[in-house]
file work.tsv (TSV, C-alpha atoms)
chain	number	residue	atom	x	y	z
A	275	MET	CA	155.62	115.03	127.23
A	276	THR	CA	152.75	116.64	129.06
A	277	PRO	CA	153.62	118.59	132.23
A	278	LEU	CA	153.72	117.10	135.70
A	279	VAL	CA	151.04	117.49	138.31
A	280	GLY	CA	152.53	120.10	140.62
A	281	SER	CA	149.92	120.07	143.38
A	282	VAL	CA	146.49	118.78	144.34
A	283	GLU	CA	144.11	120.95	146.36
A	284	ILE	CA	141.25	119.35	148.30
A	285	THR	CA	138.25	121.41	149.47
A	286	PRO	CA	135.10	120.07	151.14
A	287	PHE	CA	131.99	122.08	150.34
A	288	ARG	CA	128.31	122.08	151.21
A	289	LEU	CA	125.43	123.21	148.98
A	290	PRO	CA	121.78	123.22	150.16
A	291	LEU	CA	119.08	121.68	147.98
A	292	ARG	CA	115.97	123.57	146.93
A	293	ARG	CA	113.85	120.66	148.19
A	294	PRO	CA	114.69	117.39	149.97
A	295	VAL	CA	115.42	114.40	147.74
A	296	ARG	CA	113.98	111.10	149.03
A	297	TYR	CA	114.73	107.62	147.72
A	298	ALA	CA	114.54	104.04	149.02
A	299	ILE	CA	117.93	103.98	150.76
A	300	GLY	CA	118.09	107.51	152.13
A	301	SER	CA	117.34	111.17	151.68
A	302	ASP	CA	119.31	114.38	151.10
A	303	ASP	CA	118.64	118.00	151.88
A	304	VAL	CA	122.22	119.16	151.35
A	305	ALA	CA	125.06	118.16	149.02
A	306	GLU	CA	128.32	117.57	150.90
A	307	HIS	CA	130.99	117.02	148.27
A	308	VAL	CA	134.74	117.47	147.83
A	309	LEU	CA	136.37	119.53	145.10
A	310	VAL	CA	139.70	118.24	143.81
A	311	ALA	CA	141.86	120.75	141.92
A	312	VAL	CA	144.85	119.36	140.02
A	313	ARG	CA	147.32	122.13	139.22
A	314	LEU	CA	150.04	121.56	136.63
A	315	ALA	CA	153.50	123.03	136.75
A	316	ASP	CA	152.51	125.75	134.26
A	317	GLY	CA	149.48	126.74	136.35
A	318	THR	CA	146.83	124.97	134.25
A	319	THR	CA	144.18	123.63	136.63
A	320	GLY	CA	141.62	120.86	136.24
A	321	TYR	CA	138.74	119.98	138.54
A	322	GLY	CA	136.96	116.86	139.72
A	323	GLU	CA	134.15	116.35	142.22
A	324	ALA	CA	134.00	113.55	144.80
A	325	ILE	CA	130.46	112.70	145.88
A	326	PRO	CA	130.38	110.41	148.94
A	327	ARG	CA	127.48	107.98	149.24
A	328	PRO	CA	127.95	106.02	152.48
A	329	MET	CA	124.76	104.01	151.99
A	330	VAL	CA	126.03	102.74	148.63
A	331	TYR	CA	129.84	102.74	148.56
A	332	GLY	CA	130.74	103.19	152.23
A	333	GLU	CA	132.49	106.50	151.58
A	334	THR	CA	131.88	109.46	153.88
A	335	LEU	CA	133.02	113.06	153.61
A	336	ALA	CA	135.66	112.35	156.26
A	337	SER	CA	136.94	109.18	154.60
A	338	VAL	CA	137.15	110.86	151.19
A	339	LEU	CA	139.14	113.76	152.61
A	340	ASP	CA	141.49	111.37	154.42
A	341	VAL	CA	142.24	109.07	151.49
A	342	LEU	CA	142.70	112.01	149.14
A	343	ASP	CA	145.16	113.67	151.52
A	344	ARG	CA	147.16	110.59	152.50
A	345	VAL	CA	147.03	108.33	149.43
A	346	LEU	CA	145.57	109.63	146.19
A	347	ALA	CA	146.88	113.20	146.03
A	348	PRO	CA	150.48	112.18	146.86
A	349	ALA	CA	150.28	109.55	144.12
A	350	ALA	CA	149.11	112.15	141.59
A	351	VAL	CA	151.81	114.73	142.37
A	352	ASP	CA	154.75	114.53	139.93
A	353	THR	CA	152.73	112.31	137.56
A	354	PRO	CA	152.70	113.49	133.92
A	355	VAL	CA	149.11	114.57	133.41
A	356	GLY	CA	148.96	112.71	130.12
A	357	ARG	CA	149.78	109.38	131.79
A	358	PRO	CA	146.71	108.50	133.88
A	359	GLU	CA	147.64	104.81	133.86
A	360	LEU	CA	150.76	105.68	135.84
A	361	PHE	CA	148.54	107.21	138.52
A	362	ARG	CA	146.38	104.10	138.52
A	363	ALA	CA	149.46	101.89	138.82
A	364	ARG	CA	150.69	103.90	141.78
A	365	THR	CA	147.35	103.38	143.54
A	366	ARG	CA	146.59	99.84	142.37
A	367	HIS	CA	146.64	98.40	145.90
A	368	LEU	CA	143.97	100.82	147.14
A	369	VAL	CA	140.58	99.12	147.23
A	370	GLY	CA	137.22	100.86	147.36
A	371	ASN	CA	137.12	104.67	147.51
A	372	PRO	CA	135.54	104.96	144.03
A	373	THR	CA	134.41	108.58	144.15
A	374	ALA	CA	137.63	109.83	145.74
A	375	ARG	CA	139.72	108.11	143.07
A	376	SER	CA	137.41	109.24	140.28
A	377	ALA	CA	137.62	112.88	141.37
A	378	VAL	CA	141.42	112.83	140.94
A	379	GLU	CA	141.20	111.10	137.57
A	380	LEU	CA	138.55	113.53	136.32
A	381	ALA	CA	140.60	116.51	137.51
A	382	MET	CA	143.68	115.17	135.74
A	383	PHE	CA	141.76	114.73	132.49
A	384	ASP	CA	140.24	118.20	132.79
A	385	ALA	CA	143.74	119.63	133.28
A	386	LEU	CA	145.05	117.68	130.29
A	387	ALA	CA	142.23	118.88	128.03
A	388	ARG	CA	142.74	122.46	129.17
A	389	PHE	CA	146.49	122.13	128.58
A	390	VAL	CA	146.06	120.91	124.98
A	391	GLY	CA	143.25	123.42	124.38
A	392	LEU	CA	140.43	121.01	123.47
A	393	PRO	CA	136.93	120.59	124.89
A	394	ALA	CA	136.72	117.36	126.88
A	395	HIS	CA	133.79	115.98	124.92
A	396	GLN	CA	135.79	116.32	121.70
A	397	LEU	CA	138.88	114.72	123.20
A	398	LEU	CA	136.70	111.84	124.39
A	399	GLY	CA	135.14	111.19	120.99
A	400	GLY	CA	133.29	114.26	119.81
A	401	HIS	CA	130.06	112.58	118.72
A	402	ALA	CA	127.76	115.43	119.76
A	403	GLY	CA	127.83	118.92	121.22
A	404	ASP	CA	124.82	118.42	123.46
A	405	VAL	CA	122.87	115.68	125.21
A	406	ALA	CA	119.22	115.01	125.94
A	407	ALA	CA	118.59	115.42	129.67
A	408	ALA	CA	116.39	113.45	132.06
A	409	ALA	CA	114.89	115.04	135.18
A	410	LEU	CA	115.17	113.14	138.47
A	411	LEU	CA	111.97	113.15	140.52
A	412	SER	CA	112.24	112.63	144.26
A	413	TRP	CA	109.89	110.18	146.02
A	414	GLY	CA	106.79	111.84	147.43
A	415	ARG	CA	103.05	112.30	147.12
A	416	PRO	CA	101.69	111.72	143.60
A	417	ASP	CA	100.48	115.29	143.14
A	418	GLU	CA	103.76	116.78	144.40
A	419	VAL	CA	105.94	114.60	142.17
A	420	ALA	CA	103.73	115.27	139.15
A	421	ALA	CA	103.99	119.01	139.79
A	422	VAL	CA	107.79	118.84	139.80
A	423	ALA	CA	107.70	116.94	136.51
A	424	VAL	CA	105.51	119.61	134.94
A	425	GLU	CA	107.87	122.28	136.25
A	426	ALA	CA	110.83	120.58	134.53
A	427	SER	CA	108.82	120.17	131.35
A	428	THR	CA	107.67	123.78	131.12
A	429	GLY	CA	110.87	125.34	132.47
A	430	TRP	CA	113.52	123.35	130.62
A	431	GLY	CA	111.68	121.50	127.87
A	432	VAL	CA	112.44	118.15	129.51
A	433	THR	CA	110.64	115.13	128.05
A	434	SER	CA	112.39	112.36	130.04
A	435	PHE	CA	111.78	111.64	133.71
A	436	LYS	CA	113.19	109.28	136.32
A	437	LEU	CA	110.90	108.38	139.23
A	438	LYS	CA	112.16	107.32	142.65
A	439	VAL	CA	110.14	104.37	143.94
A	440	GLY	CA	110.75	101.43	146.29
A	441	ILE	CA	109.40	102.92	149.54
A	442	ASP	CA	105.63	102.39	149.48
A	443	LEU	CA	104.40	100.12	146.69
A	444	ASP	CA	100.83	101.43	146.48
A	445	LEU	CA	102.01	105.03	146.55
A	446	ASP	CA	104.67	104.22	143.96
A	447	ILE	CA	102.02	102.90	141.60
A	448	ALA	CA	99.82	105.94	142.13
A	449	THR	CA	102.74	108.32	141.61
A	450	THR	CA	103.84	106.61	138.42
A	451	ARG	CA	100.35	106.91	136.98
A	452	ALA	CA	100.05	110.55	138.09
A	453	VAL	CA	103.32	111.54	136.46
A	454	ARG	CA	102.36	109.84	133.19
A	455	THR	CA	99.09	111.76	133.17
A	456	ALA	CA	100.94	115.01	133.90
A	457	VAL	CA	103.69	114.70	131.27
A	458	GLY	CA	101.66	113.05	128.52
A	459	PRO	CA	101.95	109.80	126.58
A	460	ASP	CA	105.06	110.66	124.59
A	461	ALA	CA	107.47	111.45	127.43
A	462	LEU	CA	110.11	108.88	128.33
A	463	LEU	CA	109.39	107.66	131.86
A	464	TYR	CA	111.36	105.20	133.97
A	465	ALA	CA	111.65	104.24	137.64
A	466	ASP	CA	114.41	103.53	140.14
A	467	ALA	CA	113.65	101.44	143.24
A	468	ASN	CA	117.19	101.57	144.67
A	469	GLN	CA	116.83	97.87	145.58
A	470	GLY	CA	113.77	98.65	147.73
A	471	TYR	CA	111.47	95.88	146.43
A	472	THR	CA	111.29	92.15	146.88
A	473	SER	CA	111.01	90.29	143.60
A	474	ALA	CA	107.27	89.85	144.22
A	475	GLN	CA	106.81	93.57	144.85
A	476	ALA	CA	108.81	94.41	141.73
A	477	ALA	CA	106.59	92.10	139.67
A	478	ARG	CA	103.47	93.71	141.11
A	479	PHE	CA	104.80	97.21	140.40
A	480	VAL	CA	105.57	96.36	136.79
A	481	ALA	CA	102.19	94.70	136.28
A	482	ALA	CA	100.27	97.58	137.88
A	483	THR	CA	102.05	100.20	135.76
A	484	ARG	CA	101.99	98.32	132.47
A	485	GLU	CA	99.66	100.86	130.85
A	486	VAL	CA	102.03	103.68	131.86
A	487	GLY	CA	104.68	102.35	129.49
A	488	LEU	CA	107.80	102.49	131.66
A	489	ALA	CA	110.95	102.40	129.54
A	490	TRP	CA	112.94	100.49	132.19
A	491	LEU	CA	113.16	99.77	135.92
A	492	GLU	CA	116.41	100.44	137.75
A	493	GLU	CA	117.64	98.25	140.63
A	494	PRO	CA	114.28	96.78	141.67
A	495	CYS	CA	115.76	94.28	144.18
A	496	PRO	CA	118.97	93.67	146.12
A	497	PRO	CA	121.41	91.57	144.05
A	498	GLY	CA	121.08	88.63	146.44
A	499	ALA	CA	117.29	88.71	146.69
A	500	VAL	CA	115.61	85.37	146.16
A	501	GLY	CA	113.82	85.55	142.84
A	502	GLY	CA	115.60	88.73	141.77
A	503	PRO	CA	117.52	87.22	138.82
A	504	ALA	CA	114.43	85.34	137.68
A	505	PHE	CA	112.40	88.56	137.78
A	506	ALA	CA	115.06	90.38	135.75
A	507	ARG	CA	115.06	87.69	133.07
A	508	SER	CA	111.26	87.60	132.82
A	509	SER	CA	110.47	91.29	133.31
A	510	PRO	CA	108.59	92.89	130.42
A	511	VAL	CA	110.66	96.07	130.96
A	512	PRO	CA	114.48	96.03	131.04
A	513	VAL	CA	116.12	95.91	134.46
A	514	VAL	CA	118.96	98.41	134.88
A	515	GLY	CA	122.00	97.79	137.06
A	516	ASP	CA	123.28	100.78	138.99
A	517	GLU	CA	124.57	100.43	142.57
A	518	SER	CA	124.98	96.68	141.99
A	519	CYS	CA	127.20	97.50	138.99
A	520	PRO	CA	129.75	100.02	140.33
A	521	ASP	CA	132.77	98.79	138.33
A	522	PRO	CA	133.65	96.85	135.17
A	523	ALA	CA	133.93	93.50	136.95
A	524	SER	CA	130.48	93.71	138.55
A	525	VAL	CA	128.98	94.91	135.27
A	526	GLY	CA	130.44	91.93	133.43
A	527	ALA	CA	129.15	89.49	136.03
A	528	ALA	CA	125.65	91.00	136.09
A	529	VAL	CA	125.27	91.18	132.31
A	530	LEU	CA	126.61	87.70	131.62
A	531	ALA	CA	124.41	86.20	134.36
A	532	GLY	CA	121.32	87.90	132.91
A	533	ARG	CA	120.66	89.87	136.11
A	534	VAL	CA	120.46	93.18	134.19
A	535	GLY	CA	119.48	94.19	130.70
A	536	MET	CA	120.89	97.73	130.86
A	537	VAL	CA	123.64	99.46	132.84
A	538	SER	CA	123.91	102.91	134.41
A	539	ILE	CA	127.37	104.46	134.04
A	540	LYS	CA	128.41	107.19	136.47
A	541	THR	CA	131.59	109.14	135.87
A	542	ALA	CA	131.54	110.13	139.55
A	543	ARG	CA	132.41	106.53	140.49
A	544	THR	CA	134.29	105.19	137.44
A	545	ALA	CA	135.78	108.43	136.02
A	546	LEU	CA	136.50	108.17	132.28
A	547	ARG	CA	138.73	105.17	131.56
A	548	ARG	CA	136.70	102.65	133.53
A	549	SER	CA	133.45	104.24	132.35
A	550	ALA	CA	134.69	103.70	128.79
A	551	THR	CA	135.54	100.08	129.65
A	552	ILE	CA	131.96	99.53	130.83
A	553	ARG	CA	130.56	101.30	127.78
A	554	ASP	CA	132.63	99.22	125.36
A	555	PHE	CA	131.84	95.92	127.10
A	556	CYS	CA	128.15	96.76	126.94
A	557	ALA	CA	128.44	97.65	123.26
A	558	VAL	CA	130.04	94.28	122.50
A	559	THR	CA	127.35	92.38	124.43
A	560	GLY	CA	124.46	94.40	123.00
A	561	THR	CA	123.64	95.94	126.38
A	562	ASP	CA	122.28	99.49	126.39
A	563	VAL	CA	123.73	102.07	128.76
A	564	VAL	CA	122.45	105.25	130.32
A	565	VAL	CA	124.65	107.92	131.91
A	566	GLY	CA	123.39	108.20	135.48
A	567	SER	CA	123.60	110.76	138.25
A	568	GLN	CA	125.44	110.64	141.56
A	569	GLY	CA	123.91	113.99	142.53
A	570	GLU	CA	126.46	116.25	140.88
A	571	SER	CA	126.94	119.98	141.21
A	572	ALA	CA	127.71	121.86	138.00
A	573	VAL	CA	131.34	120.67	138.24
A	574	GLY	CA	130.41	116.99	138.05
A	575	THR	CA	127.62	117.69	135.59
A	576	PHE	CA	130.02	119.09	132.99
A	577	ALA	CA	132.15	115.95	133.33
A	578	ALA	CA	129.23	113.52	133.07
A	579	ALA	CA	127.71	115.40	130.13
A	580	SER	CA	131.07	115.44	128.32
A	581	PHE	CA	131.27	111.66	128.60
A	582	ALA	CA	127.64	111.23	127.54
A	583	ALA	CA	128.08	113.37	124.43
A	584	ALA	CA	131.29	111.67	123.35
A	585	THR	CA	129.87	108.56	121.63
A	586	PRO	CA	126.64	107.26	120.08
A	587	ASP	CA	126.37	104.53	122.73
A	588	THR	CA	126.35	106.98	125.64
A	589	SER	CA	124.10	109.54	123.98
A	590	ARG	CA	121.43	107.10	122.80
A	591	TYR	CA	119.26	107.77	125.86
A	592	PRO	CA	118.81	110.95	127.90
A	593	ALA	CA	121.54	111.47	130.49
A	594	GLU	CA	120.79	112.26	134.13
A	595	VAL	CA	122.52	115.65	134.11
A	596	LEU	CA	119.98	117.99	135.73
A	597	TYR	CA	120.60	117.43	139.45
A	598	PHE	CA	122.49	120.72	139.66
A	599	LEU	CA	119.17	122.52	139.08
A	600	ASP	CA	118.05	121.26	142.52
A	601	LEU	CA	120.89	123.10	144.26
A	602	ARG	CA	120.33	126.57	145.68
A	603	HIS	CA	123.88	127.63	144.83
A	604	ASP	CA	126.79	126.28	142.86
A	605	ILE	CA	130.56	126.70	142.56
A	606	ALA	CA	130.87	127.10	138.79
A	607	ARG	CA	130.78	130.66	137.52
A	608	GLU	CA	128.27	129.76	134.80
A	609	PRO	CA	125.94	126.76	135.18
A	610	PRO	CA	125.30	124.38	132.28
A	611	VAL	CA	122.91	125.69	129.64
A	612	VAL	CA	119.71	123.67	129.30
A	613	ALA	CA	117.13	124.43	126.63
A	614	GLY	CA	114.63	122.31	124.76
A	615	GLY	CA	115.36	119.40	127.08
A	616	ARG	CA	119.04	119.29	126.09
A	617	LEU	CA	122.22	120.31	127.88
A	618	ARG	CA	124.73	122.09	125.67
A	619	LEU	CA	128.44	121.35	126.08
A	620	PRO	CA	130.72	124.41	126.15
A	621	ASP	CA	133.29	124.88	123.39
A	622	ARG	CA	135.93	125.97	125.91
A	623	PRO	CA	138.88	123.67	126.75
A	624	GLY	CA	138.50	120.94	129.33
A	625	PHE	CA	135.09	120.39	130.87
A	626	GLY	CA	134.41	123.96	129.85
A	627	PHE	CA	133.59	125.85	133.04
A	628	GLU	CA	135.27	128.43	135.23
A	629	LEU	CA	135.37	127.89	138.97
A	630	ASP	CA	133.78	130.60	141.09
A	631	ALA	CA	136.41	130.99	143.82
A	632	ASP	CA	134.19	133.23	145.93
A	633	ALA	CA	131.29	130.78	145.75
A	634	LEU	CA	133.60	127.93	146.72
A	635	ALA	CA	134.91	129.90	149.69
A	636	ALA	CA	131.35	130.60	150.82
A	637	ALA	CA	130.33	126.94	150.45
A	638	ALA	CA	133.49	125.44	152.00
A	639	CYS	CA	132.78	123.33	155.08
A	640	GLY	CA	136.42	122.77	155.99
A	641	PRO	CA	139.91	124.00	155.14
A	642	THR	CA	141.54	123.52	151.75
A	643	VAL	CA	144.44	121.06	151.93
A	644	ARG	CA	147.26	121.30	149.41
A	645	VAL	CA	149.46	118.32	148.60
A	646	GLY	CA	152.61	119.19	146.64
A	647	ALA	CA	154.36	122.42	145.84
A	648	GLU	CA	152.41	125.66	145.46
A	649	VAL	CA	151.89	126.44	141.79
A	650	PRO	CA	150.94	129.85	140.37
A	651	VAL	CA	147.37	130.06	139.16
A	652	GLY	CA	147.30	129.82	135.38
A	653	ARG	CA	144.66	129.12	132.79
call {"tool": "encode", "arguments": {"input": "work.tsv", "output": "structure tokens"}}
result
Amino acid sequence: MTPLVGSVEITPFRLPLRRPVRYAIGSDDVAEHVLVAVRLADGTTGYGEAIPRPMVYGETLASVLDVLDRVLAPAAVDTPVGRPELFRARTRHLVGNPTARSAVELAMFDALARFVGLPAHQLLGGHAGDVAAAALLSWGRPDEVAAVAVEASTGWGVTSFKLKVGIDLDLDIATTRAVRTAVGPDALLYADANQGYTSAQAARFVAATREVGLAWLEEPCPPGAVGGPAFARSSPVPVVGDESCPDPASVGAAVLAGRVGMVSIKTARTALRRSATIRDFCAVTGTDVVVGSQGESAVGTFAAASFAAATPDTSRYPAEVLYFLDLRHDIAREPPVVAGGRLRLPDRPGFGFELDADALAAAACGPTVRVGAEVPVGR
């Protein structure tokens, strides 16, 4: 039997961004996240990152801290780390709180992989040791966005780019064309409207950018928008479900109704088991998936990249695993290695990183709360 979870430590932290990130439903100039550390009885420690998004899931930093302290961490303590379904059973009556729950589940898996001495991506399937990476481009002026794309291309060898649109249709069209000109005809380019368009606007955007060759369009309209499902079924580019598809049930409903042709999976909101459920359902229904970004630091990036590299289905398209490059600082001792447009997975056990305790202390924006007995620091 694998050892019990001895304690769970919860630390809120704040990391400034190098430049503001703007999108249709908000903007960020700082990352306010929560680190969850699951410590086993032998001292082995695993880590997960909760990333609140109040405009999408209703979670705030305060609500995540509260539910972790009062509900999720107590349920994890004394659970055998190799029995994640027991943790889920203990918290089955808790609704919502996807990123708080996922942070605990990811930390438990990281601790398990470290305990057995295997890299997480191998324990999850072991398909590949690296993943192609897509750069996320904030909404802005065409020349500014194009310049950021060129910077990612020359600096990291990136050949896949995700545009944020859905704020100003004419500017969105101009930006999409400018980025295509900047990165060349062979780069993979797609757009995310974060539900900012009406169905008519989405149709106009697709028609006006036809020569650009967008690979897909993510969340063009709100799920209940009149004409949205009809647009998705008739769109010449696949429509991707993201915030409208936050769990297996919503994914199933959207795919079977024809509202989406692809699905974005985010380990920050569905951890590993439910992410795998979504992946496998999509494989059975012939629906492509892309591993998306919640805006992870290096901690969450290692987890998302491990899941992306684990199987052919999740590594078919570039994963959105470069957000950490937009942070001025980080809390992992060594950031992920990106070269030639690919992120390399470490060969070390677990998600493969070491926490920088000093960096975490400097970034902390509140006290660390421990639930359970104090456990000596181990591996």
call {"tool": "closest_residue", "arguments": {"input": "work.tsv", "among": "A:Arg344, A:Arg313, A:Arg548, A:Arg533", "to": "Arg362 (chain A)", "atoms": "all atoms listed in the file"}}
result
A:Arg548
call {"tool": "atom_distance", "arguments": {"input": "work.tsv", "atom1": "CA of Ala582 (chain A)", "atom2": "CA of His367 (chain A)"}}
result
29.4 Å
call {"tool": "closest_residue", "arguments": {"input": "work.tsv", "among": "A:Leu386, A:Ala374, A:Ile447, A:Ala452", "to": "Ala467 (chain A)", "atoms": "all atoms listed in the file"}}
result
A:Ile447
call {"tool": "residues_around", "arguments": {"input": "work.tsv", "residues": "Asn468 (chain A)", "least_positions_apart": "3", "cutoff": "12 Å", "atoms": "only C-alpha atoms", "output": "PyMOL selection string"}}
result
chain A and resi 296-301+329-330+413+437-441+465+471-472+476+491-497+513-518
call {"tool": "closest_residue", "arguments": {"input": "work.tsv", "among": "A:Asp417, A:Glu323, A:Asp521, A:Asp630", "to": "Gln568 (chain A)", "atoms": "all atoms listed in the file"}}
result
A:Glu323
call {"tool": "closest_residue", "arguments": {"input": "work.tsv", "among": "A:Cys639, A:Val480, A:Leu380, A:Ala542", "to": "Glu570 (chain A)", "atoms": "all atoms listed in the file"}}
result
A:Ala542
call {"tool": "closest_residue", "arguments": {"input": "work.tsv", "among": "A:Pro348, A:Gly560, A:Gly431, A:Gly569", "to": "Val312 (chain A)", "atoms": "only C-alpha atoms"}}
result
A:Pro348
call {"tool": "closest_residue", "arguments": {"input": "work.tsv", "among": "A:Glu333, A:Asp343, A:Glu425, A:Asp460", "to": "Thr373 (chain A)", "atoms": "all atoms listed in the file"}}
result
A:Glu333
call {"tool": "atom_distance", "arguments": {"input": "work.tsv", "atom1": "CA of Val422 (chain A)", "atom2": "CA of Lys436 (chain A)"}}
result
11.5 Å
call {"tool": "atom_distance", "arguments": {"input": "work.tsv", "atom1": "CA of Leu398 (chain A)", "atom2": "CA of Gly356 (chain A)"}}
result
13.6 Å
call {"tool": "closest_atom_pairs", "arguments": {"input": "work.tsv", "of": "region 444-545 of chain A", "to": "region 573-579 of chain A", "cutoff": "9 Å", "atoms": "only C-alpha atoms", "output": "JSON lines"}}
result
{"residue": "A:Lys540", "atom": "CA", "partner": "A:Ala578", "partner_atom": "CA", "distance": 7.2}
{"residue": "A:Thr541", "atom": "CA", "partner": "A:Ala578", "partner_atom": "CA", "distance": 5.7}
{"residue": "A:Ala542", "atom": "CA", "partner": "A:Gly574", "partner_atom": "CA", "distance": 7.1}
{"residue": "A:Ala545", "atom": "CA", "partner": "A:Ala577", "partner_atom": "CA", "distance": 8.8}
call {"tool": "residues_around", "arguments": {"input": "work.tsv", "residues": "region 482-485 of chain A", "least_positions_apart": "2", "cutoff": "12 Å", "atoms": "all atoms listed in the file", "output": "PyMOL selection string"}}
result
chain A and resi 443-455+459+463-465+475-480+487-491+509-511
call {"tool": "axis_aligned_box", "arguments": {"input": "work.tsv", "around": "region 438-448 of chain A", "padding_each_side": "8 Å", "output": "AutoDock Vina command-line options"}}
result
--center_x 106.0 --center_y 103.7 --center_z 145.6 --size_x 28.3 --size_y 23.2 --size_z 23.9
call {"tool": "residues_near_point", "arguments": {"input": "work.tsv", "point": "(119.1, 114.2, 128.8)", "cutoff": "8 Å", "atoms": "all atoms listed in the file", "output": "ChimeraX atom specification"}}
result
/A:405-409,432,434,591-596,615-617
